[in-house]
>>> print(open('query.cif').read())   # mmCIF, C-alpha atoms
data_input
loop_
_atom_site.label_atom_id
_atom_site.label_comp_id
_atom_site.auth_asym_id
_atom_site.auth_seq_id
_atom_site.Cartn_x
_atom_site.Cartn_y
_atom_site.Cartn_z
CA MET A 1 34.17 47.96 -9.60
CA LYS A 2 34.45 49.81 -12.86
CA VAL A 3 36.77 48.22 -15.39
CA ASP A 4 38.69 50.50 -17.67
CA LEU A 5 38.71 48.63 -20.88
CA LYS A 6 40.36 51.30 -22.99
CA ASP A 7 43.83 50.12 -21.90
CA GLU A 8 43.09 46.47 -22.11
CA SER A 9 43.97 44.52 -25.16
CA TYR A 10 41.61 42.46 -27.22
CA THR A 11 43.24 39.25 -25.92
CA ILE A 12 42.61 40.18 -22.29
CA ILE A 13 38.93 40.87 -23.01
CA ILE A 14 38.56 37.59 -24.86
CA THR A 15 40.26 35.78 -21.96
CA LYS A 16 37.97 37.43 -19.44
CA ILE A 17 34.85 36.59 -21.47
CA THR A 18 36.01 32.98 -21.81
CA VAL A 19 36.68 32.66 -18.07
CA TYR A 20 33.31 34.22 -17.15
CA CYS A 21 31.50 32.01 -19.66
CA VAL A 22 33.17 28.90 -18.28
CA ILE A 23 32.31 29.90 -14.67
CA LEU A 24 28.69 30.61 -15.67
CA LEU A 25 28.42 27.38 -17.62
CA ILE A 26 29.81 25.34 -14.72
CA THR A 27 27.46 27.10 -12.29
CA ILE A 28 24.42 26.55 -14.54
CA LEU A 29 25.34 22.87 -15.01
CA PHE A 30 25.82 22.59 -11.26
CA ILE A 31 22.36 24.13 -10.71
CA ILE A 32 20.79 21.74 -13.23
CA PHE A 33 22.39 18.54 -12.00
CA THR A 34 22.62 19.05 -8.25
CA PRO A 35 19.78 17.27 -6.38
CA LYS A 36 17.11 19.71 -5.22
CA LYS A 37 16.26 17.60 -2.18
CA ILE A 38 18.71 16.18 0.31
CA ILE A 39 16.21 13.98 2.17
CA THR A 40 13.52 12.19 0.17
CA LYS A 41 10.56 10.01 1.12
CA ASP A 42 12.44 7.07 -0.41
CA PHE A 43 15.20 7.68 2.10
CA ALA A 44 12.64 7.65 4.95
CA ILE A 45 11.17 4.36 3.68
CA SER A 46 14.62 2.88 3.24
CA LEU A 47 15.59 3.87 6.79
CA ALA A 48 12.34 2.46 8.25
CA THR A 49 12.84 -0.76 6.27
CA SER A 50 16.34 -1.18 7.67
CA MET A 51 14.99 -0.91 11.23
CA ALA A 52 11.77 -2.90 10.71
CA ILE A 53 10.85 -5.73 13.08
CA THR A 54 10.56 -8.90 11.01
CA ASP A 55 8.88 -11.18 13.58
CA ASP A 56 5.75 -12.87 12.22
CA MET A 57 3.70 -11.13 14.96
CA ASN A 58 4.66 -7.80 13.41
CA LEU A 59 3.66 -8.74 9.87
CA LEU A 60 0.06 -8.38 8.67
CA LEU A 61 -1.06 -10.30 5.59
CA TYR A 62 -1.94 -7.61 3.05
CA ASP A 63 -2.66 -9.68 -0.06
CA TYR A 64 -1.24 -12.52 -2.13
CA ASP A 65 -0.73 -13.45 -5.78
CA VAL A 66 -0.65 -17.02 -7.03
CA TYR A 67 0.96 -17.98 -10.34
CA ALA A 68 0.55 -21.00 -12.61
CA THR A 69 4.13 -21.33 -13.77
CA ASP A 70 7.60 -20.49 -12.61
CA VAL A 71 8.00 -18.06 -15.53
CA ARG A 72 4.89 -16.11 -14.52
CA PHE A 73 5.98 -16.19 -10.89
CA ARG A 74 9.35 -14.63 -11.78
CA GLU A 75 7.60 -11.98 -13.89
CA GLY A 76 5.33 -11.28 -10.91
CA LEU A 77 8.33 -10.87 -8.64
CA ILE A 78 9.35 -7.87 -10.73
CA LYS A 79 6.12 -6.39 -12.11
CA ASP A 80 3.53 -7.15 -9.42
CA VAL A 81 5.89 -6.46 -6.51
CA ASP A 82 6.68 -3.05 -8.03
CA GLU A 83 2.96 -2.22 -8.23
CA VAL A 84 2.36 -3.19 -4.59
CA LYS A 85 5.50 -1.31 -3.55
CA LEU A 86 4.11 1.83 -5.17
CA SER A 87 0.84 1.62 -3.22
CA PHE A 88 2.83 1.02 0.00
CA ASN A 89 5.02 4.01 -0.82
CA ASN A 90 1.93 6.20 -1.36
CA ARG A 91 0.60 5.23 2.06
CA SER A 92 4.04 5.51 3.72
CA GLU A 93 4.09 1.85 4.72
CA VAL A 94 6.87 -0.75 4.76
CA LEU A 95 6.39 -3.84 2.58
CA ALA A 96 7.58 -7.38 3.24
CA ILE A 97 7.12 -10.16 0.71
CA LYS A 98 7.24 -13.88 1.38
CA VAL A 99 8.05 -16.54 -1.19
CA PHE A 100 8.55 -20.28 -0.85
CA GLY A 101 11.98 -21.65 0.01
CA GLU A 102 13.22 -24.62 2.03
CA ASN A 103 15.27 -22.61 4.50
CA LYS A 104 13.93 -19.49 6.15
CA LYS A 105 15.93 -16.42 5.17
CA ILE A 106 15.25 -12.70 5.64
CA GLU A 107 16.85 -10.12 3.36
CA ILE A 108 16.46 -6.43 4.13
CA ARG A 109 16.49 -4.79 0.72
CA ASN A 110 16.52 -1.09 -0.07
CA ASP A 111 12.77 -0.42 0.05
CA TYR A 112 11.22 -3.73 1.08
CA ILE A 113 11.90 -6.93 2.98
CA TYR A 114 12.29 -10.21 1.12
CA ILE A 115 11.52 -13.33 3.14
CA ILE A 116 12.05 -16.90 2.02
CA ASP A 117 9.71 -19.05 4.08
CA PRO A 118 8.98 -22.81 3.92
CA ASN A 119 5.38 -22.15 5.04
CA THR A 120 4.54 -19.99 2.03
CA PRO A 121 2.92 -22.07 -0.74
CA GLU A 122 4.98 -22.54 -3.89
CA LEU A 123 4.44 -20.10 -6.79
CA ASN A 124 2.88 -17.60 -4.39
CA ILE A 125 3.94 -14.09 -3.48
CA GLU A 126 2.51 -13.09 -0.12
CA TYR A 127 2.52 -9.37 0.66
CA TYR A 128 2.79 -8.29 4.28
CA LEU A 129 2.50 -4.91 5.94
CA VAL A 130 5.21 -4.29 8.54
CA LYS A 131 3.62 -2.63 11.58
CA ASP A 132 6.54 -1.51 13.75
CA MET A 133 10.24 -0.79 13.63
CA GLN A 134 12.72 -0.71 16.48
CA PHE A 135 14.70 2.43 17.20
CA ASN A 136 16.79 2.84 20.37
CA ASP A 137 14.90 0.01 22.10
CA ILE A 138 11.54 1.65 21.35
CA ASN A 139 8.92 0.13 19.08
CA LEU A 140 7.75 2.80 16.67
CA PRO A 141 5.04 2.36 14.02
CA CYS A 142 6.77 2.43 10.60
CA ARG A 143 4.08 4.70 9.11
CA THR A 144 4.37 7.23 11.94
CA PHE A 145 8.17 7.31 11.49
CA ILE A 146 8.04 7.69 7.70
CA ILE A 147 5.46 10.50 7.79
CA LEU A 148 7.33 12.30 10.57
CA LEU A 149 10.66 12.02 8.76
CA SER A 150 9.03 13.15 5.49
CA GLU A 151 7.69 16.26 7.26
CA ILE A 152 11.11 16.99 8.80
CA ALA A 153 12.60 16.44 5.33
CA LEU A 154 10.24 19.07 3.93
CA ILE A 155 11.64 21.68 6.35
CA VAL A 156 15.27 20.59 5.80
CA ASN A 157 14.81 20.57 2.01
CA THR A 158 13.24 24.05 2.04
CA ILE A 159 16.16 25.48 4.06
CA TYR A 160 18.63 23.70 1.74
CA LEU A 161 16.84 25.06 -1.34
CA ILE A 162 16.95 28.64 0.01
CA ILE A 163 20.71 28.39 0.77
CA TYR A 164 21.24 26.75 -2.60
CA ALA A 165 19.33 29.55 -4.39
CA ILE A 166 21.28 32.27 -2.55
CA ILE A 167 24.65 30.67 -3.44
CA SER A 168 23.58 30.14 -7.05
CA ILE A 169 22.32 33.72 -7.48
CA SER A 170 25.42 35.14 -5.80
CA ILE A 171 27.59 33.41 -8.42
CA VAL A 172 25.41 33.76 -11.51
CA ALA A 173 24.34 37.41 -11.05
CA PRO A 174 27.78 39.15 -10.75
CA PHE A 175 29.38 37.08 -13.52
CA SER A 176 26.40 37.70 -15.83
CA ILE A 177 26.68 41.47 -15.24
CA LYS A 178 30.42 41.40 -15.90
CA LEU A 179 29.88 39.45 -19.07
CA ILE A 180 27.13 41.78 -20.31
CA ARG A 181 29.39 44.76 -19.64
CA LEU A 182 32.29 43.22 -21.60
CA ILE A 183 30.37 42.36 -24.75
CA PRO A 184 29.83 46.01 -25.96
CA TYR A 185 33.57 46.73 -25.50
CA LEU A 186 34.42 43.71 -27.55
CA LYS A 187 32.14 44.94 -30.34
CA ARG A 188 33.75 48.39 -30.19
CA ILE A 189 37.30 46.92 -30.51
CA ASN A 190 36.17 44.84 -33.50
CA MET B 1 3.44 -63.02 -43.14
CA ILE B 2 1.56 -60.05 -44.60
CA LYS B 3 -1.11 -60.47 -41.88
CA ARG B 4 1.59 -60.41 -39.22
CA ILE B 5 3.13 -57.26 -40.71
CA LEU B 6 -0.34 -55.63 -40.90
CA ALA B 7 -1.07 -56.59 -37.27
CA LEU B 8 2.29 -55.20 -36.14
CA PHE B 9 1.63 -52.01 -38.12
CA THR B 10 -1.87 -51.67 -36.59
CA ILE B 11 -0.51 -52.14 -33.04
CA THR B 12 2.27 -49.59 -33.65
CA ALA B 13 -0.21 -47.07 -35.14
CA ALA B 14 -2.63 -47.55 -32.22
CA THR B 15 0.22 -47.05 -29.71
CA ILE B 16 1.34 -43.86 -31.48
CA LEU B 17 -2.27 -42.63 -31.60
CA LEU B 18 -2.79 -43.29 -27.90
CA PHE B 19 0.51 -41.64 -27.06
CA SER B 20 -0.47 -38.60 -29.18
CA CYS B 21 -3.88 -38.33 -27.45
CA ASP B 22 -2.16 -38.40 -24.09
CA ASN B 23 0.22 -35.68 -25.28
CA LEU B 24 -2.72 -33.67 -26.61
CA ASN B 25 -4.43 -33.80 -23.20
CA GLN B 26 -1.22 -32.83 -21.51
CA SER B 27 -0.72 -29.99 -23.97
CA ALA B 28 -4.21 -28.64 -23.36
CA TYR B 29 -3.48 -28.55 -19.62
CA GLU B 30 -0.10 -26.93 -20.19
CA LEU B 31 -1.73 -24.48 -22.61
CA TRP B 32 -4.30 -23.55 -19.96
CA ARG B 33 -1.63 -23.40 -17.24
CA ASN B 34 0.34 -20.90 -19.30
CA SER B 35 -2.72 -18.82 -20.19
CA ASP B 36 -4.30 -15.87 -18.36
CA GLU B 37 -7.25 -18.14 -17.52
CA ALA B 38 -5.14 -20.26 -15.15
CA ARG B 39 -6.48 -19.50 -11.68
CA ASP B 40 -6.32 -21.07 -8.26
CA LEU B 41 -9.92 -22.27 -8.48
CA ASN B 42 -9.89 -24.45 -5.35
CA PHE B 43 -8.03 -21.79 -3.32
CA ASP B 44 -5.26 -24.14 -2.17
CA GLN B 45 -2.67 -21.56 -3.28
CA LYS B 46 -1.52 -23.84 -6.09
CA ILE B 47 -2.41 -23.92 -9.77
CA ASN B 48 -2.42 -27.57 -10.85
CA GLU B 49 -4.46 -30.34 -12.50
CA GLU B 50 -7.19 -30.05 -9.84
CA ASP B 51 -7.81 -26.45 -10.85
CA TYR B 52 -7.81 -27.48 -14.51
CA GLU B 53 -10.50 -30.10 -13.83
CA ILE B 54 -12.64 -27.50 -12.10
CA TYR B 55 -12.00 -25.17 -15.03
CA LEU B 56 -13.20 -27.82 -17.52
CA GLN B 57 -16.33 -28.49 -15.43
CA GLN B 58 -17.00 -24.79 -15.25
CA LEU B 59 -16.82 -24.41 -19.01
CA GLU B 60 -20.01 -26.47 -19.28
CA ASP B 61 -21.93 -24.54 -16.63
CA PRO B 62 -23.67 -21.38 -17.98
CA TYR B 63 -23.40 -19.73 -14.54
CA ILE B 64 -19.64 -20.33 -14.52
CA VAL B 65 -19.36 -19.09 -18.11
CA TRP B 66 -21.11 -15.90 -16.97
CA ARG B 67 -18.99 -15.64 -13.83
CA ASN B 68 -15.80 -15.84 -15.87
CA SER B 69 -17.03 -13.25 -18.36
CA ASP B 70 -16.68 -9.47 -18.22
CA GLU B 71 -20.43 -9.25 -17.62
CA ALA B 72 -20.18 -10.79 -14.14
CA GLU B 73 -20.99 -8.16 -11.52
CA ASP B 74 -21.96 -7.96 -7.89
CA LEU B 75 -25.53 -7.04 -8.80
CA ASN B 76 -27.00 -7.39 -5.30
CA GLY B 77 -24.20 -5.45 -3.63
CA ASP B 78 -23.19 -8.16 -1.13
CA ARG B 79 -19.53 -7.97 -2.25
CA LYS B 80 -19.68 -11.46 -3.70
CA ILE B 81 -20.29 -12.60 -7.25
CA ASP B 82 -22.45 -15.69 -6.90
CA GLU B 83 -25.61 -17.44 -8.08
CA LEU B 84 -27.77 -14.66 -6.61
CA ASP B 85 -26.10 -12.16 -8.90
CA TYR B 86 -26.53 -14.53 -11.83
CA ALA B 87 -30.25 -14.80 -11.08
CA LEU B 88 -30.46 -11.02 -11.10
CA TYR B 89 -28.50 -10.97 -14.35
CA LEU B 90 -30.96 -13.37 -15.98
CA ASN B 91 -34.01 -11.52 -14.63
CA PRO B 92 -32.86 -7.99 -14.00
CA PRO B 93 -35.40 -6.10 -11.88
CA GLU B 94 -33.64 -2.83 -12.51
CA ASN B 95 -30.00 -1.87 -12.81
CA LEU B 96 -28.84 -1.28 -9.22
CA TYR B 97 -25.83 0.75 -10.31
CA GLU B 98 -28.06 2.99 -12.41
CA ILE B 99 -30.45 3.36 -9.48
CA TRP B 100 -27.53 4.35 -7.24
CA LYS B 101 -26.10 6.68 -9.90
CA SER B 102 -29.35 8.57 -10.23
CA SER B 103 -29.83 8.74 -6.45
CA SER B 104 -28.56 11.39 -4.05
CA ASN B 105 -26.03 8.79 -2.73
CA ALA B 106 -24.05 8.94 -5.97
CA GLU B 107 -20.74 10.67 -5.29
CA ASP B 108 -17.22 10.75 -6.66
CA LEU B 109 -15.89 8.77 -3.69
CA ASN B 110 -12.46 8.03 -5.19
CA GLU B 111 -12.11 11.67 -6.29
CA ASP B 112 -11.03 10.81 -9.85
CA GLY B 113 -13.40 13.37 -11.36
CA VAL B 114 -16.08 10.93 -12.53
CA ILE B 115 -18.92 9.08 -10.84
CA ASP B 116 -18.66 5.51 -12.09
CA GLU B 117 -18.88 1.89 -10.98
CA ALA B 118 -15.62 2.20 -9.02
CA ASP B 119 -17.40 4.75 -6.82
CA TYR B 120 -20.41 2.45 -6.58
CA ASN B 121 -18.16 -0.38 -5.34
CA LEU B 122 -16.58 1.95 -2.78
CA TYR B 123 -20.08 2.94 -1.74
CA LEU B 124 -21.09 -0.71 -1.23
CA ASP B 125 -17.91 -1.29 0.78
CA ALA B 126 -18.56 1.79 2.89
CA VAL B 127 -22.19 0.78 3.51
CA LYS B 128 -20.97 -2.56 4.83
CA ILE B 129 -18.50 -0.93 7.24
CA MET B 130 -20.86 1.86 8.28
CA GLY B 131 -22.48 1.42 11.68
CA THR B 132 -22.06 1.70 15.42
CA TYR B 133 -19.35 -0.39 17.08
CA GLN B 134 -18.45 -1.31 20.63
CA VAL B 135 -15.04 -2.39 21.95
CA THR B 136 -15.14 -5.99 23.20
CA ASN B 137 -12.66 -8.72 24.24
CA PHE B 138 -10.24 -6.09 25.51
CA SER B 139 -7.10 -7.63 26.94
CA TYR B 140 -3.84 -6.14 28.08
CA GLU B 141 -0.78 -7.93 29.43
CA GLY B 142 2.43 -6.27 30.46
CA ASP B 143 3.88 -3.41 32.45
CA LYS B 144 1.66 -0.65 33.77
CA ILE B 145 1.32 2.03 31.09
CA TRP B 146 -0.48 5.19 32.16
CA ILE B 147 -2.91 6.52 29.56
CA ALA B 148 -4.09 9.43 31.69
CA ASP B 149 -3.25 10.92 35.08
CA ASN B 150 -5.37 8.50 37.05
CA ILE B 151 -5.69 5.34 34.95
CA HIS B 152 -3.41 2.81 33.35
CA LEU B 153 -4.07 0.69 30.30
CA ASP B 154 -4.96 -2.61 32.00
CA GLU B 155 -7.74 -0.89 33.98
CA PHE B 156 -9.14 0.83 30.93
CA GLY B 157 -10.98 -2.30 29.74
CA GLN B 158 -13.47 -1.91 32.61
CA HIS B 159 -14.71 1.37 31.16
CA LEU B 160 -15.12 0.37 27.52
CA GLY B 161 -18.84 -0.24 27.89
CA GLY B 162 -19.16 3.53 28.00
CA ILE B 163 -17.60 4.08 24.57
CA THR B 164 -19.19 3.59 21.14
CA PHE B 165 -17.65 4.19 17.73
CA GLY B 166 -19.93 5.34 14.92
CA ILE B 167 -18.39 4.87 11.46
CA SER B 168 -19.94 7.02 8.73
CA LEU B 169 -20.26 6.32 5.02
CA TYR B 170 -17.04 8.29 4.45
CA GLY B 171 -15.13 6.30 7.09
CA GLU B 172 -15.19 9.16 9.60
CA ILE B 173 -15.45 8.02 13.19
CA ASP B 174 -17.69 9.62 15.76
CA VAL B 175 -16.85 8.50 19.29
CA GLN B 176 -19.44 8.73 22.04
CA MET B 177 -18.16 8.53 25.62
CA SER B 178 -20.09 8.28 28.84
CA ASN B 179 -19.45 10.84 31.60
CA ASP B 180 -17.51 8.19 33.58
CA VAL B 181 -15.07 7.75 30.70
CA ILE B 182 -14.76 11.52 30.17
CA ALA B 183 -13.91 11.89 33.86
CA ILE B 184 -11.08 9.34 33.55
CA PHE B 185 -9.14 11.47 31.09
CA GLY B 186 -9.26 14.60 33.27
CA GLU B 187 -6.81 17.22 32.00
CA ASP B 188 -5.84 15.03 29.02
CA LEU B 189 -9.39 15.18 27.65
CA PRO B 190 -8.73 17.94 25.04
CA ALA B 191 -5.80 15.95 23.56
CA VAL B 192 -7.93 12.79 23.52
CA LEU B 193 -10.83 14.65 21.86
CA ASP B 194 -8.45 16.07 19.23
CA ALA B 195 -7.20 12.60 18.40
CA LEU B 196 -10.75 11.26 18.21
CA ASP B 197 -11.92 14.18 16.10
CA ASN B 198 -9.97 13.33 12.94
CA MET B 199 -10.12 9.54 13.02
CA THR B 200 -10.91 7.74 9.77
CA PHE B 201 -11.49 4.07 9.05
CA THR B 202 -10.66 2.62 5.62
CA ARG B 203 -10.09 -0.69 3.92
CA ILE B 204 -6.52 -0.73 2.58
CA SER B 205 -6.43 -4.31 1.26
CA PRO B 206 -8.66 -7.39 1.07
CA PHE B 207 -7.40 -8.34 4.56
CA ILE B 208 -6.51 -5.08 6.32
CA PHE B 209 -8.50 -2.10 7.55
CA SER B 210 -6.78 0.94 9.03
CA LEU B 211 -7.86 3.43 11.63
CA ASP B 212 -5.87 6.62 11.03
CA THR B 213 -5.66 9.62 13.31
CA SER B 214 -3.14 12.21 14.45
CA ILE B 215 -2.16 13.52 17.84
CA VAL B 216 -0.23 16.66 18.73
CA LEU B 217 2.70 16.09 21.11
CA ASP B 218 4.91 19.08 21.98
CA GLU B 219 3.47 20.97 18.99
CA ILE B 220 4.46 18.14 16.62
CA GLU B 221 1.66 16.37 14.77
CA ILE B 222 2.15 12.61 14.89
CA VAL B 223 0.18 10.27 12.66
CA VAL B 224 -1.10 7.15 14.43
CA THR B 225 -2.46 4.10 12.62
CA ILE B 226 -4.10 1.03 14.08
CA TYR B 227 -4.53 -1.93 11.72
CA PHE B 228 -7.53 -4.24 11.94
CA SER B 229 -8.40 -7.58 10.40
CA GLU B 230 -12.00 -8.50 9.64
CA ILE B 231 -13.88 -10.85 11.94
CA GLU B 232 -17.54 -11.85 12.03
CA HIS B 233 -19.58 -8.70 12.76
CA GLY B 234 -16.55 -6.46 13.10
CA PHE B 235 -12.81 -6.05 13.29
CA SER B 236 -9.96 -7.20 15.50
CA THR B 237 -6.52 -5.83 16.36
CA GLN B 238 -3.47 -6.76 18.41
CA TYR B 239 -0.45 -4.65 19.39
CA VAL B 240 2.86 -5.06 21.15
CA PHE B 241 4.32 -1.98 22.88
CA LYS B 242 7.93 -1.48 23.85
CA PHE B 243 9.33 1.71 25.37
CA ASP B 244 12.76 1.25 26.97
CA ASP B 245 12.06 -1.12 29.89
CA MET B 246 8.28 -1.19 29.51
CA GLU B 247 6.53 -3.81 27.43
CA GLY B 248 2.90 -4.67 26.89
CA SER B 249 0.57 -6.47 24.55
CA LEU B 250 -2.91 -5.15 23.78
CA ALA B 251 -5.79 -6.74 21.87
CA PHE B 252 -9.42 -5.80 21.30
CA ASP B 253 -12.29 -6.21 18.86
CA LEU B 254 -14.66 -3.65 17.39
CA VAL B 255 -18.03 -5.36 17.13
CA LYS B 256 -20.95 -3.93 15.19
CA GLU B 257 -24.09 -3.38 17.19
CA ILE B 258 -26.85 -5.76 16.11
CA GLN B 259 -29.50 -3.10 15.44
CA ASP B 260 -27.30 -1.81 12.59
CA GLU B 261 -27.56 -5.14 10.84
CA SER B 262 -31.28 -4.79 10.23
#
>>> encode(input="query.cif", output="structure tokens")
Amino acid sequence: MKVDLKDESYTIIITKITVYCVILLITILFIIFTPKKIITKDFAISLATSMAITDDMNLLLYDYDVYATDVRFREGLIKDVDEVKLSFNNRSEVLAIKVFGENKKIEIRNDYIYIIDPNTPELNIEYYLVKDMQFNDINLPCRTFIILLSEIALIVNTIYLIIYAIISISIVAPFSIKLIRLIPYLKRIN
Amino acid sequence: MIKRILALFTITAATILLFSCDNLNQSAYELWRNSDEARDLNFDQKINEEDYEIYLQQLEDPYIVWRNSDEAEDLNGDRKIDELDYALYLNPPENLYEIWKSSSNAEDLNEDGVIDEADYNLYLDAVKIMGTYQVTNFSYEGDKIWIADNIHLDEFGQHLGGITFGISLYGEIDVQMSNDVIAIFGEDLPAVLDALDNMTFTRISPFIFSLDTSIVLDEIEIVVTIYFSEIEHGFSTQYVFKFDDMEGSLAFDLVKEIQDES
């Protein structure tokens, strides 16, 4: 649509430029800050963790760390557990950790399982690999589920990204053209 | 009177001195306990005075001093650092790592762009795993699960004598099946062969080995992993299946054939 700017006042042009700039700015900010993936591997791990079977038969001893003092043990609970979690994440596995406590308690956390167990020696962190999860009364290996969901996520994310790009371009392109067209007229009026 | 005061002073000083010595000993233990050198030396999953005593004994032993130093290495490649390695350290015949590095076996096994001792350790690990294995102690309990058109899982154990697993240096698995076993799978044989074709066997932790493969079901590739723990001369696994109403528990060992040991 061709805009006849000869009849338009300076104020109208300035208003239009301001509106277009604001729309473009909001769109660009939206493009920058909107997540580029809707399903991530972390989500797959989190979902598998929430459905993991926590029976001792389903937990395989992976490794353990032993600490001399309570201070070092607490440091290990943050630093060392994070390191092990990373290697589990890379292999698409679900991690369970066991620490000593008088009463058995199982906490399903976001990306791992925290078990307080009276049989675990004090000042130890035992790392366990969770073999299976239960989904609709079927035992599924956690690794199989995470890899499968990650691959489905790849397809879903690609489709999302294409739609996202089309919407973004369809907003940015016309408003950019309109803005570019208005600037010379503004210079002429000045 | 002065003698009495002197005696009292001497007793008090001796008591303080003794008390200080006791505190000094305690401090040394606490100092060690808070240091990076504090280790569970008797493997009871606790770090306490018993470990400290072992630590003090070890300080006097030149072998232990070497073992705790950065120079301690698995020089004979048996995946243990022990007296045999120390003997090699004292009288080095030749540097085994250097021999390996200059040999045709030297490869960048961890694919980090350099051939170094980390690759050599992976090589030693792989050499230990490498060999021909047979499935033994197969047991299955539970509902009948069909693994092919004409056989279910609990009958499969009878045919395992006809299957051998060869694990290569790179953890790739080559499965050999007798004609009897091939006949069992019938029309499912291509799918079985596909699954067997890309199997790999790797150590993922000090206690766990994994056998990874993938199968194609309805054009979807599904990754399958079986976890093993180490036993004498091989590996062992145990699984519990549950599909709707069907349940079963499966266990078997992979045992290395003796001729590979020599």
>>> atom_distance(input="query.cif", atom1="CA of Ile97 (chain A)", atom2="CA of Tyr114 (chain A)")
5.2 Å
>>> closest_atom_pairs(input="query.cif", of="chain A", to="chain B", cutoff="8 Å", atoms="all atoms listed in the file", output="Markdown table")
| residue | atom | partner | partner_atom | distance |
| --- | --- | --- | --- | --- |
| A:Leu60 | CA | B:Ile208 | CA | 7.7 |
| A:Leu61 | CA | B:Phe207 | CA | 6.7 |
| A:Tyr62 | CA | B:Phe207 | CA | 5.7 |
| A:Asp63 | CA | B:Pro206 | CA | 6.5 |
| A:Val66 | CA | B:Gln45 | CA | 6.2 |
| A:Tyr67 | CA | B:Ile47 | CA | 6.9 |
| A:Ala68 | CA | B:Ile47 | CA | 5.0 |
| A:Thr69 | CA | B:Asn34 | CA | 6.7 |
| A:Pro121 | CA | B:Gln45 | CA | 6.2 |
| A:Glu122 | CA | B:Lys46 | CA | 7.0 |
| A:Leu123 | CA | B:Lys46 | CA | 7.1 |
| A:Asn124 | CA | B:Gln45 | CA | 6.9 |
| A:Asn136 | CA | B:Asp244 | CA | 7.9 |
| A:Asp137 | CA | B:Asp244 | CA | 5.5 |
| A:Ile138 | CA | B:Phe243 | CA | 4.6 |
| A:Asn139 | CA | B:Lys242 | CA | 5.1 |
| A:Pro141 | CA | B:Val224 | CA | 7.8 |
| A:Arg143 | CA | B:Thr225 | CA | 7.4 |
| A:Thr144 | CA | B:Val223 | CA | 5.2 |
| A:Ile147 | CA | B:Val223 | CA | 7.2 |
| A:Leu148 | CA | B:Ile222 | CA | 6.8 |
>>> residues_around(input="query.cif", residues="Ile106 (chain A)", least_positions_apart="2", cutoff="7 Å", atoms="only C-alpha atoms", output="PyMOL selection string")
chain A and resi 104+108+114-116
>>> resolve_selection(input="query.cif", expression="the PyMOL selection byres ((chain A and resi 49-54) around 9)", output="compact mmCIF listing (two decimals) with C-alpha atoms, in the coordinates of the input")
# COMPACT_ATOMS: atom_id res chain seq x y z
CA ALA A 44 12.64 7.65 4.95
CA ILE A 45 11.17 4.36 3.68
CA SER A 46 14.62 2.88 3.24
CA LEU A 47 15.59 3.87 6.79
CA ALA A 48 12.34 2.46 8.25
CA ASP A 55 8.88 -11.18 13.58
CA ASP A 56 5.75 -12.87 12.22
CA MET A 57 3.70 -11.13 14.96
CA ASN A 58 4.66 -7.80 13.41
CA LEU A 59 3.66 -8.74 9.87
CA VAL A 94 6.87 -0.75 4.76
CA LEU A 95 6.39 -3.84 2.58
CA ALA A 96 7.58 -7.38 3.24
CA ILE A 106 15.25 -12.70 5.64
CA ILE A 108 16.46 -6.43 4.13
CA ARG A 109 16.49 -4.79 0.72
CA ASN A 110 16.52 -1.09 -0.07
CA ASP A 111 12.77 -0.42 0.05
CA TYR A 112 11.22 -3.73 1.08
CA ILE A 113 11.90 -6.93 2.98
CA VAL A 130 5.21 -4.29 8.54
CA LYS A 131 3.62 -2.63 11.58
CA ASP A 132 6.54 -1.51 13.75
CA MET A 133 10.24 -0.79 13.63
CA GLN A 134 12.72 -0.71 16.48
CA PHE A 135 14.70 2.43 17.20
CA ASN A 139 8.92 0.13 19.08
CA CYS A 142 6.77 2.43 10.60
>>> atom_distance(input="query.cif", atom1="CA of Asp143 (chain B)", atom2="CA of Gln158 (chain B)")
17.4 Å
>>> resolve_selection(input="query.cif", expression="the PyMOL selection byres ((chain B and resi 101) around 12)", output="PyMOL selection string")
chain B and resi 95-100+102-108+114-121+123
>>> atom_distance(input="query.cif", atom1="CA of Ser178 (chain B)", atom2="CA of Gly162 (chain B)")
4.9 Å
>>> resolve_selection(input="query.cif", expression="the PyMOL selection byres ((chain B and resi 185) around 9)", output="PyMOL selection string")
chain B and resi 147-151+181-184+186-190+192
>>> residues_around(input="query.cif", residues="Ile159 (chain A)", least_positions_apart="4", cutoff="12 Å", atoms="all atoms listed in the file", output="ChimeraX atom specification")
/A:36-39,152-155,163-166
>>> write_last_selection(input="query.cif", atoms="C-alpha atoms", output="PDB file, keeping the file's coordinate frame")
ATOM      1  CA  LYS A  36      17.110  19.710  -5.220  1.00  0.00           C
ATOM      2  CA  LYS A  37      16.260  17.600  -2.180  1.00  0.00           C
ATOM      3  CA  ILE A  38      18.710  16.180   0.310  1.00  0.00           C
ATOM      4  CA  ILE A  39      16.210  13.980   2.170  1.00  0.00           C
ATOM      5  CA  ILE A 152      11.110  16.990   8.800  1.00  0.00           C
ATOM      6  CA  ALA A 153      12.600  16.440   5.330  1.00  0.00           C
ATOM      7  CA  LEU A 154      10.240  19.070   3.930  1.00  0.00           C
ATOM      8  CA  ILE A 155      11.640  21.680   6.350  1.00  0.00           C
ATOM      9  CA  ILE A 163      20.710  28.390   0.770  1.00  0.00           C
ATOM     10  CA  TYR A 164      21.240  26.750  -2.600  1.00  0.00           C
ATOM     11  CA  ALA A 165      19.330  29.550  -4.390  1.00  0.00           C
ATOM     12  CA  ILE A 166      21.280  32.270  -2.550  1.00  0.00           C
TER      13      ILE A 166
END
>>> axis_aligned_box(input="query.cif", around="region 72-77 of chain A", padding_each_side="3 Å", output="JSON")
{"center_x": 7.1, "center_y": -13.5, "center_z": -11.6, "size_x": 10.5, "size_y": 11.3, "size_z": 11.9}
